[in-house]
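Engineer: This is the structure I want to talk about, given as structure tokens.
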Amino acid sequence: SSTPSTGTSTGSQKQIRIGAIYLDSQGYYGGVKAGVQGAAKASGMNVKFIETNPGGDVSKESDFMNTLVSSGVDAIIISAASADSSVAAIKQAFNAGIPVICYNTCVNDAATKKYVSAYVIGDPLKFGQQLGEAAVKEFTAAKIDAPKMGVLNCEQYEVCKLRFQGFKDAMMKGLPGTEFVANQEGAEVDKAVPVAEQMLTANPDINGLYGEAGGATIGAYKAVGTANKVGKIFVFGSDMTTEIATELNKGDVLKSVVDISGLGVGKLAWAAVEKSLKGTKSATVQAPITLYSPAEAANWLTTHADGLP
Amino acid sequence: MTRLSSNTTLVNVVGLLGAIILLYVYLSSSATGFLNLSNQLGLLRQAALVGVAATGMTLVIIAGEIDVSVGPAVALSSVIVAESVHNWGLPTIVAIIVTIIFAVTWGAVAGALRARFRVPSFIATLGLWSILRGIGQFWTNAIPVPLPDSDPIMNVLAGSIFGVPTPAWGMIIIFLVIAFVARRTSYGRSVFAIGGNAAAARLAGINVARVRIILFATMGLLAAISGIFLAARLGSGNAGAADGLEFDVIAAVVIGGTAMSGGRGSLIGTFLGVIFITLIGNGLVLLGVNSFLQNVIRGAIIVAAVLLNVTLSRRRSSQSED
Amino acid sequence: MTRLSSNTTLVNVVGLLGAIILLYVYLSSSATGFLNLSNQLGLLRQAALVGVAATGMTLVIIAGEIDVSVGPAVALSSVIVAESVHNWGLPTIVAIIVTIIFAVTWGAVAGALRARFRVPSFIATLGLWSILRGIGQFWTNAIPVPLPDSDPIMNVLAGSIFGVPTPAWGMIIIFLVIAFVARRTSYGRSVFAIGGNAAAARLAGINVARVRIILFATMGLLAAISGIFLAARLGSGNAGAADGLEFDVIAAVVIGGTAMSGGRGSLIGTFLGVIFITLIGNGLVLLGVNSFLQNVIRGAIIVAAVLLNVTLSRRRSSQSED
Amino acid sequence: MVTTTDSAGREIIAQAVSVTRKYPGVTALDSVDFEIHAGEVRALLGQNGAGKSTLIRLLSGVDVPSSGTIRIGGRDLGTEGVRGATERGVATCYQELSLVAELTVAENFFLGRWPKGRFGIDSSAMINKARQTLARLGSDIDPTVEAGNLTLAQQQIVEIARALQDEPKLLILDEPTSALAHAEVALVLETVRRVAATGVAVIYVSHRMDEIRQIAESATIMRNGRVIDTVKVGESDTAAIIRLMLGTDPNAQKVVNPTREFGDVMLEVKNLTVLPKVTDVSFAARAGEIVGIAGLLGSGRSELLRAIAGFDRLDSGTVLVAGIAQSHPTAKLMRKAGIGLTPEDRKREGVLLNLGIDENIVMSDFAAVSRGGILSSSRIRKSAQDLAKRFQIKAHDLSEPIETLSGGNQQKAVIARWIHAGARVLLLDEPTRGVDVEAKGQIYAIMRAVADQGKTVVFVSSEVEELPLACDRVLVLRDGAIQQEFTAPDINLSELLEASMASHV
Ligand SMILES: Nc1ncnc2c1ncn2[C@@H]1O[C@H](COP(=O)(O)OP(=O)(O)OP(=O)(O)O)[C@@H](O)[C@H]1O
Ligand SMILES: Nc1ncnc2c1ncn2[C@@H]1O[C@H](COP(=O)(O)OP(=O)(O)OP(=O)(O)O)[C@@H](O)[C@H]1O
Ligand SMILES: [Mg+2]
Ligand SMILES: [Mg+2]
């Protein structure tokens, strides 16, 4: 028995139309979608989602925003494709009086302050930083004070660059001898696996691999297995999925995984939507960044039985 | 004159018009906000990105060729214009000219590969597709290159003239120009002649190689124009933008009744094709269809439209087997 | 019999072998770890993903057609096999059969669109490209579908037999089978005949429509095989996998000397083409080249290779203009 | 100084001076000297591959010589190409039809040099001029229809009219009549005569001696890329000219032996209709018999054959093969029943240029040269060699691509294909089109040899004069039905022609 929402009679509820823009077609956004839609349903309102997926392309994002704004949706939740290039799109919604709720990524600070009514932030710098700190701990425990690191990146997306920045900063701070010897693209798992294998071939002295996204993480630990370096190379990964949690549970290769729960972000985003519908701005909402160690993997698997991150 | 394949074109144009009207009727009743003026103007703006390139692509396909490099060409053009202003400090108008020169040059190179060295255009432009995308991303590190906020030319390009979005004006003018070129100039008729029978065109003294080079250089020019509009609209140059644009452009052209085998096609058909697929895209979003499912529907519609075209035009022409 | 365009093929094969040897010499000296056994085996494993589909694509292109739907077809196949095991609880072997049936069916549908309804194969498979990718993503919500860790069949498919990766065995066997089919069966010769002159082939009593349907159904079968290997290797079915695979597959085939205009080509050429582009990809990563720059280089190499092929084969054959 | 007149004082329009043109592997022209004067009609004769078309391509600027010079209007053509030659008054109808099917007749008329008006291309001027020029040739073809919708004969006339429209000084016609029936041939010949009378030089290539006698004053005879001789047509008999072309004595052509015994009815066609051209055709042909089918161009002979072979759908009627009825013949069924068709357009529908000669022969029945579903090289070689020998296909290596063969030998290979498939009924559509004299004789002989083995041959030809040479019986197709029948030896040319044309005259 939820509290009746404002301004709607229980009998024939006015339909609320929400525009939802998912950054690209990664599973993470499946989690967000489930989170936001689940929360909307639980709220008891009559909500219709108009959703789109511009595949990380700002030009498509701009088209979609245009469509959403001109069709007069009640609110828009968005993971912006670019800090600077998405400003025009978000401004357009703002000018039309439609509240915009960023999640995961957003536009630059100035524009966020001006045009965005809430930002469910999963700060990518902090995201990388927490994992970097975990890596420092792990290497220190293993008495490696100048680790050689390989990176599997997803740097066609700006957010990944920031993740790396955070990770790198934390490692250089904790272990100034750290050296990043290789950095290759491997956002999708099918590409990440061979690229990681080749990286280990070209740099046999690597001590650790950093996966900036889910696919990259899988590529990294699979390559370590193939190269028979289990126990010699540590993998630090991003984004939990059933597969990654299962691997983490073993604890021999994958040492820690940093994650912002898509479901969690979705719930927070919905909360921000509800607030903004009442006309309140909530500025930034910190989405919890969680660091998982092997010991916590099993728990994740039980609480996420349906596989949605 | 040139009641070019008048029967097929007519059937196709009427069919598309019918489909567009049906879409309008359906969407106005089921998709909230569809008939809003702002949505209609937005539609035009979206149509422009596909439409500008589709004009040139119509000629390319009529000539029996294909260009699959449109998306990366548009993206790189947006990067060039932004870099010219942002990093090289060129005045906007010079930046625009520089962008056009670059794009026309790479288009002409692709054309020369086809015309002089007989590299199939599918391969030449597939290579270009990879090269242009790579150059843009490498150059900018995949980070958007901002344009100054207050640039008056860019503001006009991003805005509206007489209430209609500037890119839509651009698209309409380009359609009129290319339609005129196609029907009323030697160059345009040469394109049809080459697509219909390249050997005969050569024997008649038409400079086939030159026409082919111009075709692809024109594609470069149009990509530059689209790229500049895009940069103006986004306020930045983006190496990753216009992803998969070639899919929509080719789809619009073939839905518009231009034959992949060359020799037949019309700009009016392409125009309707552009409107049709823009409407479908817009409608699917407004109806709240799952975004992955939208891919399925769009794929099915292009196949169905071409299937219909082929079947109708086959009924009317002689049964030439191949 | 059938020393098909033997001169051109020979020039091409020798040229590619030379290029591959040069690459080996260069990479062994400059790319650390290139000559490692594990890297060499890894190379074979990577080659398999491109190679399996490239065998079928060779026949498709020889027949004068094209299939651009390979990437999504492989990805959806990996999803089907994983869903069959994970969600429907089918035994692995049944899941594999189910996957093959699905993939062969959609291939045959594309083939029928081409053969019976004359939808150009580029359009039919472009539509399929969008449809298959959309289905996979819609079905799985773009979340990987995990396979059980301990499945013995999948472990064999992901592992090695006699030290050589299983997918590499698969690729080699498929190459031998298809090369045999191409040269020594009436189906294979019919493919060449249709690519050379479809009208003449029909009048000579060849069932052109059936051959075309089988061609695309075979592409479906090969995509299923690649998808199953991929799922085994990744331990999951991924709707977003094999993005842009069609680029590499088509590139390997045309680098291998198969003519886009149909009628000419060889499986040995394609095999070397697959090795060549896999080496390039491997070398660029080992040398630590920026991943965006890799796109530029790959694009340039495919254009250069085809340019060389076309120029060499033109010198030797009569100057048939088109 | 370059001479620009001949001894009779007539201006030299075009000249080839010791011209050689080499293609990879062939010398198509070997130090050829050639000149033609104003007002002269010169026939260019020679077997397939003698180099006639190559010489023409050089004179019209499409191709350039490997050595030697081409002079048009007294000046070297150099690399000025088609445009240069056109500006100096050379107009050419090429052997391959060179119209763009998707463009209108008027646009084809001005292909590559469309007249400019104030608003782009001036279409009304274009249409008017085209209509006028066509009218001068006595043709009422509508200039606004697409060229692809015209019949082959109409297309040929459009091409000739196009060549004539800007009053050339040299008109080159490369086999303009090989696709035409008699009425149209007469029209073309009349046109040539009229044009020559105005002082235009004409080069005329044809394999038909009777046409040449009607219009040409002199003939240049080529063989193996060389000019052998130039003779006055009026002063040389045909046998002498053919001797020059072949380099040997022509074997006298035998007219059909009238007293023959035929076997059972092998092919029977009852009330066959394929709309719109074929409305009601019935005939029967026996084993051992060669049945000719005469008719004007467009009378529907090709449709008839294609329908019998199952490639076109019947609107009504029945086809019986060896007494077994097929009311809905498909290509597959008819092939099984033993019917083989060789198409009229050899290059476009007959040969597979990218495959070997051997494969071109065995492709009609791969199963016959397979072992357990796998093609056997030795069986292919054996079958192909046997047939090549029987059909006198001149090739030193049967695995070479068939494009290395001359037209006549390609045609023999296409016919051999159906013998390999074990066909009992051979439908030959214009098997002698564009084939030289020697090869024609060989094709007649092949037909006879095949018939003597108890097979049935149906022979369609637009060269009426060859029907009496080859056929036991000739049927005349007109207005969609068989109108008349002639039996050897009473096959009379003029009666045949009259029967074909009856309703048109
Ligand atoms: N483009 C070419 N490439 C290679 N060989 C050629 C080419 N054109 C002609 N030939 C060869 O040159 C020779 C002369 O050919 P040409 O076409 O001039 O003969 P023709 O006398 O016109 O024969 P036909 O009566 O069959 O038309 C032939 O052996 C032919 O195969
Ligand atoms: N589908 C087609 N496309 C183009 N041309 C065609 C087609 N069908 C027939 N023709 C041409 O139209 C002409 C007349 O048609 P048709 O074949 O019915 O007459 P025909 O009596 O067999 O003529 P022919 O004497 O050429 O054999 C033929 O020369 C043929 O080449
Ligand atoms: Mg000739
Ligand atoms: Mg005919």
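Ordering of the structure tokens sets the chain letters (A, B, ...), residue numbers begin anew at 1 in every chain, and ligands are numbered from 1 in the order given.
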For Ser236 of chain C, work out the shell of residues within 10 Å, counting only C-alpha atoms and skipping chain neighbours fewer than 2 positions away, then give it as a PDB file with C-alpha atoms, in the first residue's frame.

Structural biologist:
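Final output, out-v5.pdb:
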```pdb
ATOM      1  CA  VAL A 189      33.828  -9.408 -24.996  1.00  0.00           C
ATOM      2  CA  GLU A 243      29.546 -14.479 -15.440  1.00  0.00           C
TER       3      GLU A 243
ATOM      4  CA  SER C  78      25.655 -17.628 -30.032  1.00  0.00           C
ATOM      5  CA  VAL C  79      22.563 -16.348 -28.240  1.00  0.00           C
ATOM      6  CA  VAL C  81      22.715 -21.895 -28.417  1.00  0.00           C
ATOM      7  CA  ALA C  82      23.177 -20.306 -24.995  1.00  0.00           C
ATOM      8  CA  GLU C  83      19.468 -19.714 -24.478  1.00  0.00           C
ATOM      9  CA  HIS C  86      20.545 -22.012 -20.170  1.00  0.00           C
ATOM     10  CA  ILE C 143      22.847  -9.118 -21.379  1.00  0.00           C
ATOM     11  CA  PRO C 144      25.179 -12.077 -22.012  1.00  0.00           C
ATOM     12  CA  VAL C 145      23.473 -15.439 -21.618  1.00  0.00           C
ATOM     13  CA  PRO C 146      25.822 -17.646 -19.609  1.00  0.00           C
ATOM     14  CA  LEU C 147      26.621 -21.234 -20.517  1.00  0.00           C
ATOM     15  CA  PRO C 148      27.182 -23.757 -17.725  1.00  0.00           C
ATOM     16  CA  ASP C 149      30.842 -23.868 -16.772  1.00  0.00           C
ATOM     17  CA  ILE C 228      28.586 -21.889 -31.405  1.00  0.00           C
ATOM     18  CA  LEU C 230      32.128 -18.129 -30.102  1.00  0.00           C
ATOM     19  CA  ALA C 231      29.685 -18.999 -27.365  1.00  0.00           C
ATOM     20  CA  ALA C 232      31.928 -21.852 -26.253  1.00  0.00           C
ATOM     21  CA  ARG C 233      34.951 -19.610 -26.124  1.00  0.00           C
ATOM     22  CA  LEU C 234      33.271 -16.716 -24.345  1.00  0.00           C
ATOM     23  CA  ASN C 238      26.322 -12.300 -26.693  1.00  0.00           C
ATOM     24  CA  ALA C 239      23.873 -10.400 -28.859  1.00  0.00           C
TER      25      ALA C 239
END
```

Engineer: Could you tell me, counting only C-alpha atoms and all ligand atoms, which protein and nucleic acid residues lie no more than 10 Å from ligand 2, written as a count of residues only?

Structural biologist: 48

Engineer: Can you tell me, as a ChimeraX atom specification, what residues are no more than 12 Å from Ser291 of chain B when counting only C-alpha atoms, ignoring any on the same chain fewer than 2 positions away?

Structural biologist: /A:19-25,29-30,33,49-55,64 /B:281-289,293-298 /C:133-135,137-139,141-142

Engineer: Find the residues of chain A in contact range of chain B, meaning any atom within 10 Å when counting only C-alpha atoms, and list them as number ranges by chain.

Structural biologist: A: 17-22, 25, 48-73, 82-89, 155-158, 161

Engineer: Provide as an NGL selection string the residues of chain D at most 9 Å from chain C, counting only C-alpha atoms.

Structural biologist: :D and (23-24 or 311 or 331-332 or 335 or 340-343 or 346-360 or 363-367 or 370 or 373-378 or 380-381 or 398-401 or 414 or 417-418)

Engineer: Please report the interatomic distance between atom CA of Ala305 of chain B and atom CA of Ala224 of chain C in Å with one decimal.

Structural biologist: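 Value for the atom CA of Ala305 of chain B-atom CA of Ala224 of chain C distance: 27.9 Å.
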
Engineer: Counting only C-alpha atoms, what is within 10 Å of Gly234 of chain D, bar same-chain residues fewer than 6 positions away, as an MDAnalysis selection string?

Structural biologist: chainID D and resid 213:214 216:219

Engineer: Take the residues from that selection and put them in a file with C-alpha atoms, as an mmCIF file, in the first residue's frame.

Structural biologist:
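Contents of the output file result19.cif:
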```cif
data_model
loop_
_atom_site.group_PDB
_atom_site.id
_atom_site.type_symbol
_atom_site.label_atom_id
_atom_site.label_comp_id
_atom_site.auth_asym_id
_atom_site.auth_seq_id
_atom_site.Cartn_x
_atom_site.Cartn_y
_atom_site.Cartn_z
ATOM 1 C CA ARG D 213 26.410 -7.799 -104.126
ATOM 2 C CA GLN D 214 23.445 -5.477 -103.897
ATOM 3 C CA ALA D 216 29.035 -2.643 -102.534
ATOM 4 C CA GLU D 217 31.207 -1.698 -105.471
ATOM 5 C CA SER D 218 34.377 -3.095 -103.965
ATOM 6 C CA ALA D 219 35.242 -5.486 -101.185
#
```

Engineer: Got a sec: who's within 10 Å of segment 271-284 of chain A, counting only C-alpha atoms, leaving out chain neighbours fewer than 2 positions off, as a ChimeraX atom specification?

Structural biologist: /A:5-7,16,18,36,39-40,43,45,74-77,98-103,112-113,116-122,265-269,286-287

Engineer: With N, CA, C and O atoms retained, write the just-selected residues as a tab-separated table (two decimals), in the first residue's frame.

Structural biologist:
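Contents of the output file part09.tsv:
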```tsv
chain	number	residue	atom	x	y	z
A	5	SER	N	-0.23	8.89	-5.14
A	5	SER	CA	0.59	9.95	-5.73
A	5	SER	C	-0.24	11.19	-5.96
A	5	SER	O	-1.45	11.15	-6.10
A	6	THR	N	0.47	12.28	-6.00
A	6	THR	CA	-0.21	13.56	-6.03
A	6	THR	C	-0.94	13.79	-7.35
A	6	THR	O	-0.46	13.44	-8.41
A	7	GLY	N	-2.07	14.41	-7.24
A	7	GLY	CA	-2.77	14.92	-8.42
A	7	GLY	C	-3.39	13.85	-9.27
A	7	GLY	O	-3.85	14.13	-10.36
A	16	ILE	N	1.32	8.98	-17.39
A	16	ILE	CA	2.55	9.78	-17.38
A	16	ILE	C	3.52	9.17	-18.39
A	16	ILE	O	3.76	7.96	-18.39
A	18	ILE	N	7.21	8.94	-19.90
A	18	ILE	CA	8.60	9.19	-19.53
A	18	ILE	C	9.50	8.80	-20.71
A	18	ILE	O	9.42	7.69	-21.22
A	36	VAL	N	14.32	1.13	-13.20
A	36	VAL	CA	13.45	2.29	-13.29
A	36	VAL	C	12.00	1.84	-13.55
A	36	VAL	O	11.05	2.38	-12.97
A	39	ALA	N	10.56	0.28	-10.38
A	39	ALA	CA	10.21	1.30	-9.38
A	39	ALA	C	8.96	2.05	-9.79
A	39	ALA	O	8.11	2.37	-8.96
A	40	ALA	N	8.82	2.29	-11.09
A	40	ALA	CA	7.65	3.01	-11.57
A	40	ALA	C	6.39	2.20	-11.31
A	40	ALA	O	5.36	2.72	-10.89
A	43	SER	N	5.37	2.23	-7.82
A	43	SER	CA	4.82	3.50	-7.34
A	43	SER	C	3.32	3.58	-7.58
A	43	SER	O	2.67	4.48	-7.09
A	45	MET	N	1.77	4.37	-10.24
A	45	MET	CA	1.32	5.33	-11.26
A	45	MET	C	1.15	4.62	-12.59
A	45	MET	O	1.69	3.55	-12.83
A	74	ASP	N	6.59	13.83	-20.06
A	74	ASP	CA	6.54	14.50	-18.77
A	74	ASP	C	7.90	14.64	-18.12
A	74	ASP	O	8.13	15.53	-17.32
A	75	ALA	N	8.80	13.71	-18.43
A	75	ALA	CA	10.17	13.81	-17.91
A	75	ALA	C	11.06	12.93	-18.77
A	75	ALA	O	10.58	12.02	-19.46
A	76	ILE	N	12.36	13.24	-18.71
A	76	ILE	CA	13.30	12.45	-19.52
A	76	ILE	C	14.43	11.98	-18.63
A	76	ILE	O	15.01	12.78	-17.88
A	77	ILE	N	14.72	10.68	-18.69
A	77	ILE	CA	15.93	10.22	-18.02
A	77	ILE	C	16.93	9.86	-19.10
A	77	ILE	O	16.59	9.29	-20.15
A	98	ILE	N	10.66	20.53	-19.67
A	98	ILE	CA	10.61	19.11	-19.31
A	98	ILE	C	11.78	18.79	-18.41
A	98	ILE	O	12.93	19.06	-18.77
A	99	PRO	N	11.52	18.25	-17.23
A	99	PRO	CA	12.63	17.93	-16.33
A	99	PRO	C	13.53	16.83	-16.92
A	99	PRO	O	13.03	15.84	-17.47
A	100	VAL	N	14.83	17.03	-16.81
A	100	VAL	CA	15.79	16.04	-17.29
A	100	VAL	C	16.51	15.44	-16.11
A	100	VAL	O	17.04	16.15	-15.26
A	101	ILE	N	16.51	14.12	-16.05
A	101	ILE	CA	17.22	13.43	-14.99
A	101	ILE	C	18.36	12.65	-15.63
A	101	ILE	O	18.14	11.75	-16.43
A	102	CYS	N	19.60	13.04	-15.32
A	102	CYS	CA	20.75	12.30	-15.81
A	102	CYS	C	20.99	11.11	-14.89
A	102	CYS	O	20.75	11.18	-13.68
A	103	TYR	N	21.47	10.04	-15.47
A	103	TYR	CA	21.99	8.96	-14.63
A	103	TYR	C	23.26	8.47	-15.29
A	103	TYR	O	23.45	8.65	-16.49
A	112	THR	N	25.07	21.03	-16.30
A	112	THR	CA	24.30	20.20	-15.39
A	112	THR	C	23.58	21.08	-14.37
A	112	THR	O	22.39	20.90	-14.10
A	113	LYS	N	24.32	22.04	-13.83
A	113	LYS	CA	23.70	22.94	-12.84
A	113	LYS	C	22.51	23.67	-13.44
A	113	LYS	O	21.47	23.81	-12.81
A	116	VAL	N	19.78	20.55	-15.65
A	116	VAL	CA	19.43	19.19	-15.23
A	116	VAL	C	18.79	19.23	-13.86
A	116	VAL	O	19.30	19.88	-12.95
A	117	SER	N	17.64	18.55	-13.72
A	117	SER	CA	16.97	18.66	-12.43
A	117	SER	C	17.45	17.60	-11.45
A	117	SER	O	17.23	17.75	-10.26
A	118	ALA	N	18.07	16.55	-11.92
A	118	ALA	CA	18.69	15.60	-10.99
A	118	ALA	C	19.75	14.81	-11.74
A	118	ALA	O	19.63	14.56	-12.93
A	119	TYR	N	20.80	14.44	-11.03
A	119	TYR	CA	21.86	13.65	-11.65
A	119	TYR	C	22.19	12.50	-10.72
A	119	TYR	O	22.76	12.69	-9.66
A	120	VAL	N	21.77	11.33	-11.11
A	120	VAL	CA	22.12	10.14	-10.35
A	120	VAL	C	23.52	9.77	-10.79
A	120	VAL	O	23.72	9.18	-11.85
A	121	ILE	N	24.47	10.17	-9.98
A	121	ILE	CA	25.84	10.13	-10.46
A	121	ILE	C	26.54	8.86	-10.03
A	121	ILE	O	26.43	8.41	-8.89
A	122	GLY	N	27.17	8.26	-10.97
A	122	GLY	CA	28.10	7.21	-10.63
A	122	GLY	C	29.42	7.75	-11.09
A	122	GLY	O	29.84	7.48	-12.20
A	265	VAL	N	20.68	2.18	-9.78
A	265	VAL	CA	20.64	3.48	-10.44
A	265	VAL	C	19.24	3.74	-10.98
A	265	VAL	O	18.70	4.85	-10.86
A	266	GLY	N	18.64	2.69	-11.54
A	266	GLY	CA	17.29	2.83	-12.08
A	266	GLY	C	16.31	3.27	-11.00
A	266	GLY	O	15.49	4.16	-11.21
A	267	LYS	N	16.41	2.65	-9.81
A	267	LYS	CA	15.50	3.01	-8.71
A	267	LYS	C	15.70	4.46	-8.30
A	267	LYS	O	14.75	5.21	-8.12
A	268	LEU	N	16.98	4.85	-8.18
A	268	LEU	CA	17.27	6.23	-7.79
A	268	LEU	C	16.75	7.20	-8.84
A	268	LEU	O	16.22	8.27	-8.52
A	269	ALA	N	16.92	6.80	-10.11
A	269	ALA	CA	16.46	7.67	-11.18
A	269	ALA	C	14.96	7.86	-11.09
A	269	ALA	O	14.43	8.96	-11.27
A	286	GLN	N	24.05	10.61	-5.24
A	286	GLN	CA	25.17	9.69	-5.42
A	286	GLN	C	24.66	8.26	-5.54
A	286	GLN	O	23.99	7.76	-4.64
A	287	ALA	N	24.98	7.64	-6.64
A	287	ALA	CA	24.65	6.23	-6.77
A	287	ALA	C	25.76	5.46	-6.09
A	287	ALA	O	26.93	5.79	-6.25
```

Engineer: Which one of B:Ser261, B:Ser150, B:Ser130, B:Thr55 sits closest to chain C if you count only C-alpha atoms?

Structural biologist: B:Ser130

Engineer: Let me have all residues with an atom within 12 Å of ligand 3, counting only C-alpha atoms and all ligand atoms, laid out as an MDAnalysis selection string.

Structural biologist: chainID D and resid 28 44:57 93:96 173:176 178 204:207 222 225 406:407 434:436

Engineer: For a quick check of understanding, using only C-alpha atoms and all ligand atoms, which of D:Ile12, D:Leu427, D:Ala481, D:Met447 has the smallest distance to ligand 4?

Structural biologist: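 The shortest atom-to-atom distance to ligand 4 comes from D:Leu427.
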
Engineer: I'd like to know which residues of segment 39-185 of chain B are strand (DSSP E or B) (by DSSP, run on the backbone); could you write them as a ChimeraX atom specification?

Structural biologist: /B:145-146,160-161,164-165
